[in-house]
$ cat final_6.txt   # compact mmCIF, C-alpha atoms and all ligand atoms
# COMPACT_ATOMS: atom_id res chain seq x y z
CA MET A 1 2.65 3.22 27.59
CA PRO A 2 0.18 5.28 25.53
CA ARG A 3 1.79 7.96 23.36
CA ALA A 4 1.36 11.59 24.41
CA HIS A 5 -0.77 13.64 22.03
CA ALA A 6 -0.34 17.23 20.89
CA VAL A 7 -3.37 19.56 20.81
CA LEU A 8 -2.80 19.71 17.06
CA SER A 9 -2.15 16.00 16.79
CA ALA A 10 -1.33 14.51 13.41
CA SER A 11 -4.05 11.89 13.89
CA GLY A 12 -6.65 14.63 14.40
CA ALA A 13 -5.41 16.81 11.52
CA TYR A 14 -8.11 15.59 9.11
CA ARG A 15 -10.55 17.13 11.60
CA TRP A 16 -8.89 20.31 12.90
CA LEU A 17 -7.81 21.35 9.39
CA VAL A 18 -11.50 21.44 8.36
CA CYS A 19 -13.20 22.34 11.66
CA THR A 20 -10.61 24.55 13.33
CA PRO A 21 -12.36 25.02 16.72
CA SER A 22 -12.62 21.24 17.23
CA ALA A 23 -9.13 20.75 18.75
CA ARG A 24 -9.89 23.06 21.68
CA MET A 25 -13.52 21.91 21.97
CA GLU A 26 -12.30 18.33 22.34
CA GLU A 27 -10.10 19.36 25.28
CA GLN A 28 -13.25 19.88 27.33
CA PHE A 29 -14.02 16.17 27.22
CA LYS A 30 -11.99 13.35 28.70
CA ASP A 31 -9.95 11.33 26.24
CA GLU A 32 -11.28 7.91 27.19
CA SER A 33 -8.92 5.38 25.75
CA SER A 34 -10.82 2.58 24.02
CA SER A 35 -9.84 -1.08 24.14
CA TYR A 36 -9.04 -0.77 20.40
CA ALA A 37 -6.64 2.13 21.04
CA GLU A 38 -4.93 0.16 23.81
CA GLU A 39 -4.64 -2.87 21.55
CA GLY A 40 -3.08 -0.61 18.87
CA THR A 41 -0.55 0.71 21.39
CA ARG A 42 0.49 -2.84 22.30
CA ALA A 43 0.78 -3.77 18.61
CA HIS A 44 3.07 -0.75 18.06
CA ALA A 45 5.21 -1.73 21.06
CA TYR A 46 5.55 -5.25 19.64
CA ALA A 47 6.48 -3.89 16.19
CA GLU A 48 9.07 -1.59 17.76
CA TYR A 49 10.54 -4.51 19.66
CA LEU A 50 10.80 -6.76 16.58
CA LEU A 51 12.29 -4.04 14.38
CA THR A 52 14.78 -2.94 17.03
CA GLU A 53 15.81 -6.55 17.56
CA PHE A 54 16.32 -6.91 13.78
CA LEU A 55 18.44 -3.76 13.66
CA LEU A 56 20.54 -4.87 16.63
CA ASN A 57 21.13 -8.35 15.23
CA THR A 58 21.60 -7.41 11.60
CA TRP A 59 23.33 -4.09 11.67
CA ASN A 60 24.89 -4.31 15.14
CA ARG A 61 23.32 -1.04 15.98
CA ASP A 62 24.62 0.08 19.33
CA ASP A 63 21.99 2.56 20.39
CA GLU A 64 19.69 3.26 23.30
CA HIS A 65 17.80 0.02 22.70
CA THR A 66 20.72 -2.21 23.67
CA ASN A 67 18.86 -3.34 26.81
CA LEU A 68 15.91 -4.52 24.81
CA HIS A 69 13.01 -5.89 26.83
CA PRO A 70 11.00 -8.55 25.02
CA VAL A 71 7.42 -7.58 24.19
CA ILE A 72 4.87 -10.39 23.94
CA PRO A 73 1.97 -10.01 21.47
CA ASP A 74 -1.58 -10.38 22.82
CA ASN A 75 -2.35 -13.35 20.58
CA GLU A 76 -1.46 -15.09 17.33
CA GLU A 77 -3.46 -12.63 15.28
CA MET A 78 -1.39 -9.73 16.62
CA ASP A 79 1.80 -11.70 16.14
CA SER A 80 1.05 -12.49 12.51
CA ALA A 81 -0.33 -9.02 11.60
CA VAL A 82 2.58 -7.15 13.19
CA ARG A 83 5.11 -9.52 11.60
CA GLU A 84 3.61 -8.73 8.19
CA TYR A 85 4.27 -5.05 8.82
CA VAL A 86 7.75 -5.78 10.20
CA ASP A 87 8.63 -7.96 7.17
CA LEU A 88 7.63 -5.15 4.84
CA CYS A 89 9.76 -2.67 6.81
CA ILE A 90 12.72 -5.07 6.74
CA GLU A 91 12.38 -5.41 2.96
CA LYS A 92 12.50 -1.64 2.63
CA ILE A 93 15.42 -1.35 5.08
CA ASN A 94 17.42 -3.95 3.14
CA ALA A 95 16.64 -2.18 -0.15
CA ALA A 96 17.84 1.13 1.32
CA LYS A 97 21.01 -0.46 2.74
CA ALA A 98 21.68 -1.99 -0.68
CA ILE A 99 21.64 1.53 -2.16
CA THR A 100 23.92 3.00 0.49
CA SER A 101 25.40 1.63 3.70
CA ALA A 102 24.86 5.12 5.13
CA ALA A 103 21.07 4.69 4.98
CA GLN A 104 19.39 6.10 8.08
CA VAL A 105 16.84 3.83 9.77
CA VAL A 106 14.88 4.94 12.84
CA VAL A 107 12.10 3.13 14.70
CA GLU A 108 9.49 5.12 16.66
CA ASP A 109 11.05 8.45 15.90
CA ARG A 110 9.81 11.45 17.89
CA ILE A 111 9.26 14.30 15.43
CA ASP A 112 8.23 17.94 15.69
CA TYR A 113 6.21 19.96 13.17
CA SER A 114 5.57 22.95 15.46
CA GLU A 115 7.13 25.29 12.90
CA TYR A 116 3.89 24.83 10.92
CA ALA A 117 1.32 23.81 13.55
CA PRO A 118 1.85 25.27 17.06
CA GLU A 119 3.25 22.74 19.55
CA GLY A 120 2.77 19.99 16.97
CA PHE A 121 4.69 16.80 17.60
CA GLY A 122 4.20 13.09 17.09
CA THR A 123 5.91 9.77 16.53
CA ALA A 124 6.79 8.32 13.15
CA ASP A 125 6.62 4.52 13.37
CA MET A 126 9.43 3.87 10.89
CA VAL A 127 11.75 6.20 9.01
CA ILE A 128 14.16 5.14 6.26
CA ILE A 129 16.38 7.64 4.45
CA ALA A 130 18.68 6.72 1.59
CA ASP A 131 20.05 8.58 -1.39
CA GLY A 132 17.84 11.66 -1.06
CA VAL A 133 14.64 9.62 -0.59
CA MET A 134 12.93 9.61 2.79
CA GLU A 135 10.18 7.10 3.55
CA VAL A 136 7.87 7.33 6.55
CA ILE A 137 5.85 4.21 7.31
CA ASP A 138 2.82 4.19 9.55
CA LEU A 139 1.37 1.02 11.06
CA LYS A 140 -2.38 0.99 11.56
CA TYR A 141 -3.39 -2.06 13.55
CA GLY A 142 -7.14 -1.42 13.42
CA LYS A 143 -9.35 -3.19 10.94
CA GLY A 144 -12.35 -0.86 11.01
CA LYS A 145 -11.88 1.39 8.02
CA PRO A 146 -9.22 1.31 5.30
CA VAL A 147 -7.06 4.44 5.46
CA SER A 148 -5.18 5.61 2.38
CA ALA A 149 -1.83 7.39 2.48
CA VAL A 150 -2.84 9.49 -0.54
CA ASP A 151 -3.50 13.14 0.47
CA ASN A 152 -3.55 12.01 4.09
CA PRO A 153 -2.73 14.94 6.43
CA GLN A 154 -1.70 12.66 9.31
CA ILE A 155 1.14 10.97 7.48
CA ARG A 156 2.05 14.25 5.78
CA LEU A 157 2.57 15.84 9.19
CA TYR A 158 4.72 12.89 10.27
CA ALA A 159 6.68 13.25 7.03
CA LEU A 160 6.99 17.00 7.54
CA GLY A 161 8.38 16.59 11.08
CA THR A 162 10.77 13.91 9.88
CA TYR A 163 11.90 16.02 6.93
CA LEU A 164 12.54 19.00 9.23
CA LYS A 165 14.58 16.76 11.54
CA TYR A 166 16.82 15.17 8.92
CA ASP A 167 16.96 17.35 5.81
CA TYR A 168 19.99 19.32 6.95
CA VAL A 169 22.01 16.09 7.10
CA TYR A 170 20.57 14.05 4.23
CA ASP A 171 19.47 16.62 1.62
CA ILE A 172 16.09 14.97 1.08
CA LYS A 173 14.57 15.40 -2.39
CA THR A 174 11.70 12.91 -2.37
CA VAL A 175 9.28 12.08 0.43
CA ARG A 176 7.46 8.75 0.37
CA MET A 177 4.64 8.04 2.81
CA SER A 178 3.20 4.57 3.38
CA ILE A 179 0.34 3.33 5.53
CA VAL A 180 0.28 -0.38 6.34
CA GLN A 181 -2.92 -2.00 7.61
CA PRO A 182 -1.98 -5.67 7.85
CA ARG A 183 -5.38 -6.82 9.11
CA LEU A 184 -7.01 -5.32 6.01
CA ASN A 185 -4.24 -6.49 3.65
CA SER A 186 -3.76 -2.87 2.69
CA VAL A 187 -0.56 -0.98 1.88
CA THR A 188 -0.92 2.45 0.29
CA THR A 189 1.81 4.91 -0.62
CA ASP A 190 1.91 8.56 -1.59
CA GLU A 191 4.95 10.40 -2.86
CA LEU A 192 5.78 14.10 -3.00
CA SER A 193 8.84 16.13 -3.80
CA ALA A 194 10.28 17.91 -0.76
CA GLU A 195 9.16 21.24 -2.32
CA ASP A 196 5.58 20.02 -2.67
CA LEU A 197 5.54 18.79 0.93
CA LEU A 198 6.74 22.20 2.12
CA ALA A 199 4.17 23.98 -0.07
CA TRP A 200 1.45 21.81 1.50
CA ALA A 201 2.88 22.62 4.94
CA GLU A 202 2.56 26.35 4.16
CA SER A 203 -1.14 25.83 3.38
CA VAL A 204 -1.57 24.23 6.81
CA LYS A 205 -0.12 27.18 8.75
CA GLU A 206 -3.24 29.37 8.77
CA PRO A 207 -5.83 26.73 9.76
CA ALA A 208 -3.33 25.35 12.31
CA LYS A 209 -3.01 28.79 13.92
CA LEU A 210 -6.81 29.13 14.09
CA ALA A 211 -7.11 25.59 15.47
CA TYR A 212 -4.52 26.26 18.16
CA GLU A 213 -6.41 29.41 19.19
CA GLY A 214 -9.74 27.57 19.09
CA ALA A 215 -10.89 30.12 16.52
CA GLY A 216 -12.72 29.85 13.20
CA GLU A 217 -16.07 28.32 12.30
CA CYS A 218 -17.24 24.82 13.15
CA VAL A 219 -17.73 22.75 10.02
CA SER A 220 -19.48 19.40 10.30
CA GLY A 221 -18.81 16.42 8.06
CA PRO A 222 -17.53 12.84 8.13
CA HIS A 223 -14.60 14.09 10.27
CA CYS A 224 -17.08 14.50 13.19
CA ASP A 225 -17.32 10.73 13.66
CA PHE A 226 -14.43 10.50 16.13
CA CYS A 227 -14.62 14.03 17.54
CA ARG A 228 -14.76 13.94 21.35
CA ALA A 229 -17.11 16.96 21.31
CA ARG A 230 -19.66 15.51 18.91
CA HIS A 231 -22.30 14.68 21.51
CA ALA A 232 -22.38 18.30 22.68
CA CYS A 233 -21.51 20.15 19.46
CA ARG A 234 -24.17 22.68 18.55
CA LYS A 235 -23.07 22.94 14.92
CA LEU A 236 -23.37 19.19 14.37
CA ALA A 237 -26.78 19.10 16.09
CA GLU A 238 -28.01 22.01 13.97
CA ASP A 239 -26.71 20.48 10.75
CA MET A 240 -28.29 17.11 11.54
CA GLN A 241 -31.64 18.72 12.28
CA ALA A 242 -31.41 20.98 9.21
CA ALA A 243 -30.54 18.01 6.99
CA ILE A 244 -33.71 16.20 8.03
CA GLY A 245 -35.85 19.34 8.30
CA ASP A 246 -34.85 20.40 4.77
CA CYS A 247 -37.63 18.31 3.24
CA LYS A 248 -40.03 20.66 1.46
CA ASP A 249 -43.15 18.64 0.59
CA PRO A 250 -45.54 18.99 3.53
CA LYS A 251 -46.86 15.41 3.28
CA LEU A 252 -44.59 13.03 1.38
CA LEU A 253 -40.85 12.90 0.92
CA ASN A 254 -39.71 12.92 -2.71
CA ASP A 255 -36.90 10.72 -4.09
CA SER A 256 -34.15 13.29 -3.70
CA GLU A 257 -35.23 13.99 -0.11
CA ILE A 258 -35.03 10.27 0.69
CA SER A 259 -31.56 10.14 -0.96
CA HIS A 260 -30.59 13.11 1.16
CA ILE A 261 -31.63 11.26 4.33
CA LEU A 262 -29.64 8.20 3.16
CA ASP A 263 -26.63 10.52 2.75
CA ILE A 264 -26.73 11.54 6.39
CA TYR A 265 -27.97 8.22 7.80
CA SER A 266 -24.60 6.90 9.07
CA ARG A 267 -23.50 10.22 10.48
CA ALA A 268 -26.86 10.85 12.14
CA LYS A 269 -26.91 7.35 13.63
CA SER A 270 -23.42 7.64 15.09
CA TRP A 271 -24.13 11.16 16.36
CA LEU A 272 -27.39 10.11 18.07
CA GLU A 273 -25.58 7.15 19.64
CA ALA A 274 -22.78 9.46 20.88
CA VAL A 275 -25.32 11.80 22.52
CA ARG A 276 -27.13 8.85 24.14
CA GLU A 277 -23.87 7.33 25.44
CA TYR A 278 -22.75 10.66 26.87
CA ALA A 279 -26.08 11.25 28.62
CA LEU A 280 -26.05 7.72 30.10
CA LYS A 281 -22.45 7.98 31.29
CA GLN A 282 -23.11 11.31 32.98
CA ALA A 283 -26.16 9.84 34.73
CA VAL A 284 -24.37 6.65 35.87
CA ASP A 285 -21.01 8.19 36.81
CA TYR A 286 -22.12 11.55 38.24
CA GLY A 287 -25.83 11.19 39.04
CA LYS A 288 -26.73 13.76 36.39
CA THR A 289 -30.46 14.01 35.73
CA TRP A 290 -31.88 14.93 32.33
CA PRO A 291 -35.29 16.62 32.04
CA GLY A 292 -37.95 13.97 31.36
CA TYR A 293 -35.62 11.01 32.03
CA LYS A 294 -34.67 8.79 34.98
CA LEU A 295 -32.06 6.09 35.43
CA VAL A 296 -33.57 2.60 35.74
CA GLU A 297 -32.22 -0.92 35.80
CA GLY A 298 -32.00 -2.30 32.26
CA ARG A 299 -33.55 -5.57 31.20
CA SER A 300 -31.48 -8.66 31.97
CA ASN A 301 -31.70 -12.38 31.29
CA ARG A 302 -31.89 -15.10 33.93
CA VAL A 303 -28.59 -16.87 34.63
CA ILE A 304 -28.00 -20.36 35.97
CA ASP A 305 -24.97 -21.45 38.00
CA ALA A 306 -22.94 -24.60 37.28
CA ALA A 307 -24.10 -26.35 40.49
CA ALA A 308 -27.46 -26.85 38.77
CA ILE A 309 -25.86 -29.58 36.60
CA GLU A 310 -25.41 -31.94 39.54
CA THR A 311 -28.84 -31.09 40.94
CA LEU A 312 -30.46 -31.90 37.58
CA ARG A 313 -28.45 -35.13 37.26
CA GLY A 314 -29.54 -36.07 40.80
CA LEU A 315 -33.11 -35.61 39.63
CA GLY A 316 -32.50 -38.10 36.84
CA ILE A 317 -32.28 -35.55 34.02
CA GLY A 318 -29.90 -36.81 31.30
CA ASP A 319 -26.92 -34.90 29.90
CA GLU A 320 -28.62 -34.78 26.47
CA VAL A 321 -31.17 -32.44 28.06
CA ILE A 322 -28.71 -30.42 30.14
CA PHE A 323 -26.04 -29.83 27.46
CA LYS A 324 -26.12 -28.61 23.88
CA GLU A 325 -24.29 -30.38 21.07
CA PRO A 326 -20.81 -28.83 20.59
CA LYS A 327 -21.05 -26.12 17.93
CA MET A 328 -18.38 -25.23 15.38
CA ARG A 329 -16.76 -21.84 15.97
CA GLY A 330 -17.38 -19.01 13.50
CA VAL A 331 -14.79 -18.19 10.78
CA THR A 332 -13.38 -15.10 12.52
CA GLU A 333 -12.94 -16.86 15.86
CA LEU A 334 -11.41 -19.92 14.20
CA GLN A 335 -9.05 -17.73 12.15
CA LYS A 336 -7.71 -16.16 15.35
CA LEU A 337 -7.15 -19.55 16.99
CA LEU A 338 -5.49 -20.99 13.86
CA GLY A 339 -2.96 -18.14 13.69
CA GLY A 340 -4.38 -15.72 11.15
CA ALA A 341 -5.93 -15.59 7.68
CA LYS A 342 -2.98 -17.06 5.76
CA LYS A 343 -2.61 -20.11 8.00
CA MET A 344 -6.34 -20.78 7.96
CA GLU A 345 -6.41 -20.46 4.16
CA ALA A 346 -3.59 -23.03 3.88
CA MET A 347 -5.38 -25.47 6.21
CA ILE A 348 -9.03 -25.25 5.19
CA GLY A 349 -9.24 -22.71 2.36
CA GLN A 350 -11.21 -25.17 0.19
CA HIS A 351 -13.98 -25.29 2.82
CA ILE A 352 -14.46 -21.55 3.08
CA SER A 353 -16.84 -19.72 0.79
CA LYS A 354 -18.66 -16.43 0.89
CA PRO A 355 -22.40 -16.52 0.24
CA PRO A 356 -23.94 -13.47 -1.47
CA GLY A 357 -24.55 -10.61 0.97
CA VAL A 358 -27.97 -9.20 1.79
CA PRO A 359 -28.72 -6.31 -0.63
CA THR A 360 -27.77 -2.96 0.82
CA LEU A 361 -27.80 0.63 -0.42
CA ALA A 362 -24.37 2.15 -1.11
CA THR A 363 -23.32 5.47 -2.61
CA LEU A 364 -22.28 5.57 -6.29
CA GLU A 365 -18.61 5.93 -5.24
CA ASP A 366 -18.70 2.45 -3.62
CA LYS A 367 -16.35 0.05 -5.46
CA ARG A 368 -18.78 -2.89 -5.50
CA PRO A 369 -20.62 -3.43 -8.82
CA PRO A 370 -24.39 -2.73 -8.79
CA LEU A 371 -26.60 -5.78 -8.17
CA GLU A 372 -28.45 -7.10 -11.18
CA LEU A 373 -31.96 -7.93 -10.05
CA ASP A 374 -34.56 -10.15 -11.67
CA LEU A 375 -37.73 -8.12 -11.15
CA THR A 376 -40.04 -10.06 -13.48
CA ASP A 377 -42.28 -11.23 -10.61
CA SER A 378 -42.14 -7.98 -8.67
CA PHE A 379 -44.83 -6.02 -10.53
CA ASP A 380 -48.41 -6.90 -11.45
CA ASP A 381 -49.06 -6.74 -15.21
CA ASP A 382 -51.78 -4.14 -14.81
CA ILE A 383 -49.72 -1.71 -12.77
S1 LIG A 401 -18.47 17.53 16.07
FE1 LIG A 401 -17.79 18.14 14.04
S2 LIG A 401 -18.48 20.25 13.83
FE2 LIG A 401 -18.51 19.76 16.01
S3 LIG A 401 -16.50 20.36 16.80
FE3 LIG A 401 -16.35 18.21 16.28
S4 LIG A 401 -15.55 18.22 14.18
FE4 LIG A 401 -16.36 20.28 14.56

$ encode --input "final_6.txt" --output "C-alpha cells"
Amino acid sequence: MPRAHAVLSASGAYRWLVCTPSARMEEQFKDESSSYAEEGTRAHAYAEYLLTEFLLNTWNRDDEHTNLHPVIPDNEEMDSAVREYVDLCIEKINAAKAITSAAQVVVEDRIDYSEYAPEGFGTADMVIIADGVMEVIDLKYGKGKPVSAVDNPQIRLYALGTYLKYDYVYDIKTVRMSIVQPRLNSVTTDELSAEDLLAWAESVKEPAKLAYEGAGECVSGPHCDFCRARHACRKLAEDMQAAIGDCKDPKLLNDSEISHILDIYSRAKSWLEAVREYALKQAVDYGKTWPGYKLVEGRSNRVIDAAAIETLRGLGIGDEVIFKEPKMRGVTELQKLLGGAKKMEAMIGQHISKPPGVPTLATLEDKRPPLELDLTDSFDDDI
C-alpha cells in the first residue's frame, strides 16, 4: 500500500523550504503515482518483511508483526538490492545490540514532526537507538540521482520526528542519519548533536508555517524538477523566459550568454516537457482544446502478426529471410537476469569494459576530470 503523505512531507521539504507556496500549489494537481514510485513502495515492503523476519528470528521479538506475511520481490535485482540494504541494517543492529541489549530497533516507524512543521508526519524506514546515539536509515530504491544524507532536510525531518518520539525514554545525545541507495552503491551519513538538530528544526518553523498557509514568494530552482505544479507555475515560466531573454547583444550571443543558457538547459528542457505532457494529457483525458492546436493520431509503424510466418514458409521463403540471428542482450538487461551487478561481475567481469563516453559539457562542480583533447589538426595554420 502506498504511504500517506503530509502536505509538508519530508520528501518535499527540499522544495517547500525554498519555495513556500509550492506545497499548496501542488495540491491542485493530481498526485499521479509513477511506476518508479510503485516499484519503490514494493521494495520498501520487501525490506520491511526481511528486517521484521530477522528481528523475530534473532531477537524473538513478540510484536505486532508476529503474523508476518511473506513479501515477494519483483525480480532478482530487487531481491539483491534490498538484501544489500537489509544486510547493512542488520550489521548496525548487531553493533547496537553489542553495546547494550536494551538497544531499541524499529522498522517502518511512523513519526510526527508537526511541532515544527504543521501536520508533518512520515515514516522512518529503520531506527536504531543505543547508548544515547540514534540512527535513522532511509532506503532509496531509485537509481536516477544519487542523494546525499549531508544537509538533507528529508532525513533531518525523519530524524527530528524520531528524536521527538524517543528522547524522553532514551536521552538521545547524537543523531546519525544515513541514506542507502543500493542500486547506486551509495551509502552516505550525516551526524548532528541533538542540540544542533533542534536548532535546525527551529529554523524550519517559519518557512514551514508559510508553506502550510500557502504563503510567501515562489522561488524557482532545481527543486522545481519534481514539483507537481511546474507545468502551470507562472514564476517558473517567467524565470525560464527571463533566463533566455536576458541576452543583451542584439545579434550574436556572447560566451557568457551561451554559458548561461547551458546553465538552464536541463531545467528548461524538463519544464518544457512537463508543460507539453500536461497539455497532451488534458486533451486526451478531458477533450481540452488549446488555441492553435488539435489532437491528431501520432505516427505509428506497421506491425506484422505471427501467422505471417507460416504464410511466408508456404510461399517457399526460408527461415533465414524471415528471422534475424539471435542477438546478445545488453549489459543492463543481462545483469538483471543474472541476479545483479555482483553476480554478473563474478561470472563475466573480465568480458565487461567501458569504452570512453562521447564528450559532453558538464559544470565545473562535476567530479569527472576534464577531457584532454588533441587539437593539433583542428585549426588551419593561417587562422
Ligand atoms: S515550479 Fe518551482 S517555483 Fe513553481 S511552485 Fe513549484 S517549486 Fe515553486

$ residues_around --input "final_6.txt" --residues "Thr100 (chain A)" --least-positions-apart "4" --cutoff "12 Å" --atoms "only C-alpha atoms" --output "VMD selection string"
chain A and resid 93 to 96 104 to 105 128 to 133

$ closest_atom_pairs --input "final_6.txt" --of "chain A" --to "ligand LIG 401 (chain A)" --cutoff "9 Å" --atoms "only C-alpha atoms and all ligand atoms" --output "tab-separated table"
residue	atom	partner	partner_atom	distance
A:Arg15	CA	A:LIG401	S4	5.7
A:Trp16	CA	A:LIG401	S4	7.1
A:Val18	CA	A:LIG401	S4	7.8
A:Cys19	CA	A:LIG401	FE4	4.8
A:Thr20	CA	A:LIG401	FE4	7.3
A:Pro21	CA	A:LIG401	S3	6.2
A:Ser22	CA	A:LIG401	S3	4.0
A:Ala23	CA	A:LIG401	S3	7.6
A:Arg24	CA	A:LIG401	S3	8.6
A:Met25	CA	A:LIG401	S3	6.2
A:Glu26	CA	A:LIG401	S3	7.2
A:Glu217	CA	A:LIG401	FE4	8.4
A:Cys218	CA	A:LIG401	S2	4.8
A:Val219	CA	A:LIG401	S2	4.6
A:Ser220	CA	A:LIG401	S2	3.8
A:Gly221	CA	A:LIG401	FE1	6.3
A:Pro222	CA	A:LIG401	FE1	7.9
A:His223	CA	A:LIG401	S4	5.8
A:Cys224	CA	A:LIG401	FE1	3.8
A:Asp225	CA	A:LIG401	S1	7.3
A:Phe226	CA	A:LIG401	FE3	7.9
A:Cys227	CA	A:LIG401	FE3	4.7
A:Arg228	CA	A:LIG401	FE3	6.8
A:Ala229	CA	A:LIG401	FE3	5.2
A:Arg230	CA	A:LIG401	S1	3.7
A:His231	CA	A:LIG401	S1	7.2
A:Ala232	CA	A:LIG401	S1	7.7
A:Cys233	CA	A:LIG401	FE2	4.6
A:Arg234	CA	A:LIG401	FE2	6.9
A:Lys235	CA	A:LIG401	S2	5.4
A:Leu236	CA	A:LIG401	S2	5.0
A:Ala237	CA	A:LIG401	FE2	8.3
A:Asp239	CA	A:LIG401	S2	8.8
A:Trp271	CA	A:LIG401	S1	8.5

$ atom_distance --input "final_6.txt" --atom1 "CA of Ala306 (chain A)" --atom2 "CA of Ile322 (chain A)"
10.9 Å

$ atom_distance --input "final_6.txt" --atom1 "CA of Ser203 (chain A)" --atom2 "CA of Arg110 (chain A)"
23.2 Å

$ residues_around --input "final_6.txt" --residues "His44 (chain A)" --least-positions-apart "2" --cutoff "12 Å" --atoms "only C-alpha atoms" --output "mmCIF file with C-alpha atoms, in the frame of the given file"
data_model
loop_
_atom_site.group_PDB
_atom_site.id
_atom_site.type_symbol
_atom_site.label_atom_id
_atom_site.label_comp_id
_atom_site.auth_asym_id
_atom_site.auth_seq_id
_atom_site.Cartn_x
_atom_site.Cartn_y
_atom_site.Cartn_z
ATOM 1 C CA MET A 1 2.650 3.220 27.590
ATOM 2 C CA PRO A 2 0.180 5.280 25.530
ATOM 3 C CA ARG A 3 1.790 7.960 23.360
ATOM 4 C CA ALA A 37 -6.640 2.130 21.040
ATOM 5 C CA GLU A 38 -4.930 0.160 23.810
ATOM 6 C CA GLU A 39 -4.640 -2.870 21.550
ATOM 7 C CA GLY A 40 -3.080 -0.610 18.870
ATOM 8 C CA THR A 41 -0.550 0.710 21.390
ATOM 9 C CA ARG A 42 0.490 -2.840 22.300
ATOM 10 C CA TYR A 46 5.550 -5.250 19.640
ATOM 11 C CA ALA A 47 6.480 -3.890 16.190
ATOM 12 C CA GLU A 48 9.070 -1.590 17.760
ATOM 13 C CA TYR A 49 10.540 -4.510 19.660
ATOM 14 C CA LEU A 50 10.800 -6.760 16.580
ATOM 15 C CA LEU A 51 12.290 -4.040 14.380
ATOM 16 C CA THR A 52 14.780 -2.940 17.030
ATOM 17 C CA VAL A 71 7.420 -7.580 24.190
ATOM 18 C CA ILE A 72 4.870 -10.390 23.940
ATOM 19 C CA PRO A 73 1.970 -10.010 21.470
ATOM 20 C CA ASP A 74 -1.580 -10.380 22.820
ATOM 21 C CA MET A 78 -1.390 -9.730 16.620
ATOM 22 C CA ASP A 79 1.800 -11.700 16.140
ATOM 23 C CA ALA A 81 -0.330 -9.020 11.600
ATOM 24 C CA VAL A 82 2.580 -7.150 13.190
ATOM 25 C CA ARG A 83 5.110 -9.520 11.600
ATOM 26 C CA TYR A 85 4.270 -5.050 8.820
ATOM 27 C CA VAL A 86 7.750 -5.780 10.200
ATOM 28 C CA VAL A 107 12.100 3.130 14.700
ATOM 29 C CA GLU A 108 9.490 5.120 16.660
ATOM 30 C CA THR A 123 5.910 9.770 16.530
ATOM 31 C CA ALA A 124 6.790 8.320 13.150
ATOM 32 C CA ASP A 125 6.620 4.520 13.370
ATOM 33 C CA MET A 126 9.430 3.870 10.890
ATOM 34 C CA ASP A 138 2.820 4.190 9.550
ATOM 35 C CA LEU A 139 1.370 1.020 11.060
ATOM 36 C CA LYS A 140 -2.380 0.990 11.560
ATOM 37 C CA TYR A 141 -3.390 -2.060 13.550
ATOM 38 C CA GLY A 142 -7.140 -1.420 13.420
#

$ atom_distance --input "final_6.txt" --atom1 "CA of Val358 (chain A)" --atom2 "CA of Leu337 (chain A)"
27.8 Å

$ closest_residue --input "final_6.txt" --among "A:Ala98, A:Ile155, A:Leu364, A:Leu375" --to "Ala10 (chain A)" --atoms "all atoms listed in the file"
A:Ile155

$ residues_near_point --input "final_6.txt" --point "(6.8, 11.2, 2.2)" --cutoff "12 Å" --atoms "all atoms listed in the file" --output "compact mmCIF listing (two decimals) with C-alpha atoms, in the frame of the given file"
# COMPACT_ATOMS: atom_id res chain seq x y z
CA ALA A 124 6.79 8.32 13.15
CA MET A 126 9.43 3.87 10.89
CA VAL A 127 11.75 6.20 9.01
CA ILE A 128 14.16 5.14 6.26
CA ILE A 129 16.38 7.64 4.45
CA GLY A 132 17.84 11.66 -1.06
CA VAL A 133 14.64 9.62 -0.59
CA MET A 134 12.93 9.61 2.79
CA GLU A 135 10.18 7.10 3.55
CA VAL A 136 7.87 7.33 6.55
CA ILE A 137 5.85 4.21 7.31
CA ASP A 138 2.82 4.19 9.55
CA ALA A 149 -1.83 7.39 2.48
CA VAL A 150 -2.84 9.49 -0.54
CA ASP A 151 -3.50 13.14 0.47
CA ASN A 152 -3.55 12.01 4.09
CA PRO A 153 -2.73 14.94 6.43
CA GLN A 154 -1.70 12.66 9.31
CA ILE A 155 1.14 10.97 7.48
CA ARG A 156 2.05 14.25 5.78
CA LEU A 157 2.57 15.84 9.19
CA TYR A 158 4.72 12.89 10.27
CA ALA A 159 6.68 13.25 7.03
CA LEU A 160 6.99 17.00 7.54
CA GLY A 161 8.38 16.59 11.08
CA THR A 162 10.77 13.91 9.88
CA TYR A 163 11.90 16.02 6.93
CA LEU A 164 12.54 19.00 9.23
CA ILE A 172 16.09 14.97 1.08
CA LYS A 173 14.57 15.40 -2.39
CA THR A 174 11.70 12.91 -2.37
CA VAL A 175 9.28 12.08 0.43
CA ARG A 176 7.46 8.75 0.37
CA MET A 177 4.64 8.04 2.81
CA SER A 178 3.20 4.57 3.38
CA ILE A 179 0.34 3.33 5.53
CA THR A 188 -0.92 2.45 0.29
CA THR A 189 1.81 4.91 -0.62
CA ASP A 190 1.91 8.56 -1.59
CA GLU A 191 4.95 10.40 -2.86
CA LEU A 192 5.78 14.10 -3.00
CA SER A 193 8.84 16.13 -3.80
CA ALA A 194 10.28 17.91 -0.76
CA GLU A 195 9.16 21.24 -2.32
CA ASP A 196 5.58 20.02 -2.67
CA LEU A 197 5.54 18.79 0.93
CA LEU A 198 6.74 22.20 2.12
CA TRP A 200 1.45 21.81 1.50

$ closest_residue --input "final_6.txt" --among "A:Gly144, A:Asp167, A:Leu56, A:Lys354" --to "Tyr36 (chain A)" --atoms "only C-alpha atoms"
A:Gly144

$ closest_residue --input "final_6.txt" --among "A:Glu297, A:Glu345, A:Glu91, A:Glu76" --to "Phe54 (chain A)" --atoms "all atoms listed in the file"
A:Glu91

$ residues_around --input "final_6.txt" --residues "Leu371 (chain A)" --least-positions-apart "4" --cutoff "12 Å" --atoms "all atoms listed in the file" --output "MDAnalysis selection string"
chainID A and resid 356:362 375

$ write_last_selection --input "final_6.txt" --atoms "C-alpha atoms" --output "mmCIF file, in the coordinates of the input"
data_model
loop_
_atom_site.group_PDB
_atom_site.id
_atom_site.type_symbol
_atom_site.label_atom_id
_atom_site.label_comp_id
_atom_site.auth_asym_id
_atom_site.auth_seq_id
_atom_site.Cartn_x
_atom_site.Cartn_y
_atom_site.Cartn_z
ATOM 1 C CA PRO A 356 -23.940 -13.470 -1.470
ATOM 2 C CA GLY A 357 -24.550 -10.610 0.970
ATOM 3 C CA VAL A 358 -27.970 -9.200 1.790
ATOM 4 C CA PRO A 359 -28.720 -6.310 -0.630
ATOM 5 C CA THR A 360 -27.770 -2.960 0.820
ATOM 6 C CA LEU A 361 -27.800 0.630 -0.420
ATOM 7 C CA ALA A 362 -24.370 2.150 -1.110
ATOM 8 C CA LEU A 375 -37.730 -8.120 -11.150
#
